[in-house]
Each structure stands twice: as structure tokens, then as C-alpha cells.
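Worksheet: one structure, shown below.
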Amino acid sequence: MSSRGIETREKLVATALRLFRDEGFAATTMRKIATEAEVSLGNAYYYFASKDELVHELYLVIQRDHRERALPLLRQGGSLAENLAIVLHTGLDVMGPYHGFGGAFLHVALPTASPSSPFSAESSDARSMAVELMREALAASKQKTPASLETQLPTLMWLSYLGVTLHWVTDSSPGQTRTRSLVDGLVPIIAKTLALARLPVARGLVGDVAALMTKVVSPEGNTKS
């Protein structure tokens, strides 16, 4: 792609994300994006077949911003609860400006067959970045991961983060304070559960979780990172 083409593409992405934030996903049309970006409609469609394709750009922008904010805050040798709280709260900070169109966006992203689903092949780059951030939070923490869960745990934590995100989308409390409270209550539970998972009595349960996660991230599924 030429430098002019890259510039045009980036301009369309920046314009679309601004309109998503300011006017909502449903109200933003490809024609509106093209007009605001001062690009012909045909040229806009050359780069993006529909506004749904721009959802993947939103995923990437959010994940890059999330990593940039979270990584410097992780405490090497800190507790898992502390580092996981940092990751989840910075994720909510990054998503904050997009809360207004979260409900409409769910109709596009929730169906697993949708290219806009976080589980789709098209979303693999953003998903990989999100899982890697969870892996880095685990690596920075002093709490050791059960060996049988070491491979699957970052993906399991990412799935937990998706659950938090779903709650956030439907959270009408001011500043989504209920979701913040959910994070503060959830991270100690995860940390304690992982600590208990290292005990011999829990090995059977840990094995069951590992087997389940192997199925979730199998090549037949879309969540493999």
C-alpha cells in the first residue's frame, strides 16, 4: 500500500472511531464516515467493505492502548490480585469513551459466526494481544501458576475479562461503578482460587479445568491464540 493509501486508511479509521464514540455505532454510516474523512464513498468502500470491518480496528486500537497503559503499572513481584486489578481497571478506562454505543455493538459482536465477534478469526490479532497482556500480568506476579494451567490460564483470564466487559456494557450506574466493584471483588477470588489449585487436594479439579480449556482453545475453535 502506498503512503497515500496508508494515510487515507488511517484517516478513515480515526474518523470512524470518533463517530462511534460521539454519535454511536448504529448512527454511524459508511457515508457519514467518508464525508467526515473527506474521502469519496467509493474510496471508503475500497478500504473497508462495511463499518463492521472497522470494528476490528476498534479492537486493535483498544488493545494497543490497553497494553500501553497497563504494562508500566504492573508490579514485578507484586500480588496477582494487584496486577490483575491493574489490567482489568485500565481496560475499563480504555473502553470508557465507547460505553455509549456498547448495547448496539453487542448485536453485531455477540453472534459467534459474526466476523466482529471477539472469538472470530478476523479478531485474532486483537485477541492475541489481550491474552498476551494477561500472560505478562501473570509473569510479573509472585504467585506461581499451577503447571497444568500455565498454558491455558492467560486465555481463561481473558475470558473472565470478557465477562467483565459484558457486565460493563449493560452497566447503567454512573461511571459504571458497579463494574468497578465487580472487578475489585473478582480479582481476590481468582487469586485465592489459583493459590488453592496448587494444593494436592485440588489436582483433580485443576485437571478438569485444564482439559476444558484445551477444548476451548483447540484448533477446532476460534479462541486459539
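If you're wondering about the labels, chains in the C-alpha cells are A, B, ... by order shown, residues count from 1 in each chain, ligands from 1 in order shown.
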Where does stretch 151-203 of chain A meet stretch 95-99 of chain A within 10 Å, residue by residue, with the nearest atom pair and distance in Å to one decimal for each, counting only C-alpha atoms, listed by chain and rising number, as CSV?
```
residue,atom,partner,partner_atom,distance
A:Thr165,CA,A:Met95,CA,8.9
A:Trp168,CA,A:His99,CA,8.0
A:Val169,CA,A:His99,CA,6.4
A:Thr170,CA,A:His99,CA,9.0
A:Asp171,CA,A:His99,CA,9.1
A:Ser172,CA,A:His99,CA,9.6
A:Gly175,CA,A:Gly96,CA,8.3
A:Gln176,CA,A:Gly96,CA,8.8
```
**Request:** Considering only C-alpha atoms, return as an MDAnalysis selection string whatever protein or nucleic-acid residues lie within 8 Å of A:Ala137, sequence-local ones (same chain, fewer than 6 positions apart) excluded.
**Result:** chainID A and resid 74 80 83:84 87
**Request:** Could you give me, as a ChimeraX atom specification, the residues within 12 Å of A:Gly185, counting only C-alpha atoms and dropping anything in the same chain fewer than 4 positions from it?
**Result:** /A:81-82,84-85,88,164,178-181,189-192
**Asked** Counting only C-alpha atoms, what is within 8 Å of A:Arg21, bar same-chain residues fewer than 2 positions away, as a VMD selection string?
**Response** chain A and resid 17 to 19 23 to 25 97 to 101
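Considering the residues A:Ser120, A:Ala49, A:Ile86, A:Leu153 and counting only C-alpha atoms, A:Val187 has its shortest atom-to-atom contact with A:Ile86.
Distances to A:Val61 were evaluated for A:Leu106, A:Met157, A:Met129, A:Ala26 using only C-alpha atoms, and the minimum falls at A:Met129.
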**Selection: 12 Å around A:Ala130, only C-alpha atoms, excl. self and same-chain fewer than 5 positions, as a VMD selection string** = chain A and resid 59 to 68 70 to 71 87 to 88 91 118 to 119 123 to 125 135 to 137 154 to 162 223 225
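Minimum atom-to-atom distance to A:Phe20, evaluated using only C-alpha atoms, belongs to A:Leu58 out of A:Ala126, A:Ala139, A:Leu58, A:Ala113.
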**Prompt:** If we count only C-alpha atoms, what is near A:Glu36 at a cut-off of 12 Å, once residues fewer than 5 positions away on the same chain are taken out, given as a PyMOL selection string?
**Reply:** chain A and resi 11-19+28-31+41+44
Can you write just those residues out, N, CA, C and O atoms, as a compact mmCIF listing (two decimals), in the first residue's frame?
```txt
# COMPACT_ATOMS: atom_id res chain seq x y z
N LYS A 11 -6.93 7.69 8.21
CA LYS A 11 -7.89 8.78 8.38
C LYS A 11 -9.31 8.23 8.52
O LYS A 11 -10.10 8.71 9.35
N LEU A 12 -9.64 7.23 7.72
CA LEU A 12 -10.96 6.60 7.81
C LEU A 12 -11.15 5.94 9.17
O LEU A 12 -12.21 6.04 9.78
N VAL A 13 -10.12 5.25 9.66
CA VAL A 13 -10.20 4.58 10.95
C VAL A 13 -10.40 5.61 12.06
O VAL A 13 -11.30 5.46 12.91
N ALA A 14 -9.59 6.65 12.07
CA ALA A 14 -9.69 7.67 13.12
C ALA A 14 -11.06 8.34 13.10
O ALA A 14 -11.67 8.59 14.15
N THR A 15 -11.57 8.62 11.91
CA THR A 15 -12.89 9.25 11.78
C THR A 15 -13.98 8.32 12.27
O THR A 15 -14.90 8.75 13.00
N ALA A 16 -13.92 7.06 11.87
CA ALA A 16 -14.94 6.10 12.28
C ALA A 16 -14.97 5.95 13.80
O ALA A 16 -16.04 5.94 14.41
N LEU A 17 -13.80 5.83 14.42
CA LEU A 17 -13.77 5.64 15.88
C LEU A 17 -14.31 6.89 16.60
O LEU A 17 -14.99 6.77 17.62
N ARG A 18 -14.00 8.06 16.06
CA ARG A 18 -14.54 9.29 16.66
C ARG A 18 -16.06 9.31 16.56
O ARG A 18 -16.76 9.65 17.53
N LEU A 19 -16.58 8.93 15.40
CA LEU A 19 -18.04 8.92 15.22
C LEU A 19 -18.69 7.85 16.08
O LEU A 19 -19.79 8.06 16.62
N THR A 28 -23.78 5.68 12.93
CA THR A 28 -22.63 5.95 12.06
C THR A 28 -22.74 5.11 10.80
O THR A 28 -22.77 3.88 10.86
N THR A 29 -22.80 5.76 9.67
CA THR A 29 -22.88 5.06 8.38
C THR A 29 -21.55 5.22 7.63
O THR A 29 -20.75 6.11 7.93
N MET A 30 -21.34 4.36 6.65
CA MET A 30 -20.15 4.48 5.82
C MET A 30 -20.13 5.83 5.09
O MET A 30 -19.08 6.45 4.92
N ARG A 31 -21.29 6.30 4.67
CA ARG A 31 -21.36 7.60 4.00
C ARG A 31 -20.93 8.71 4.95
O ARG A 31 -20.18 9.62 4.56
N LEU A 41 -17.10 8.08 -1.11
CA LEU A 41 -17.71 6.87 -0.58
C LEU A 41 -17.10 5.63 -1.23
O LEU A 41 -16.83 4.62 -0.57
N ALA A 44 -13.84 4.92 0.35
CA ALA A 44 -14.02 4.36 1.69
C ALA A 44 -14.32 2.87 1.60
O ALA A 44 -13.76 2.06 2.36
```
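Taking atom CA of A:Gln76 and atom CA of A:Pro188 as endpoints, the distance between them is 17.9 Å.
For the atom pair formed by atom CA of A:Ser79 and atom CA of A:Glu132, the distance is 18.3 Å, given to one decimal.
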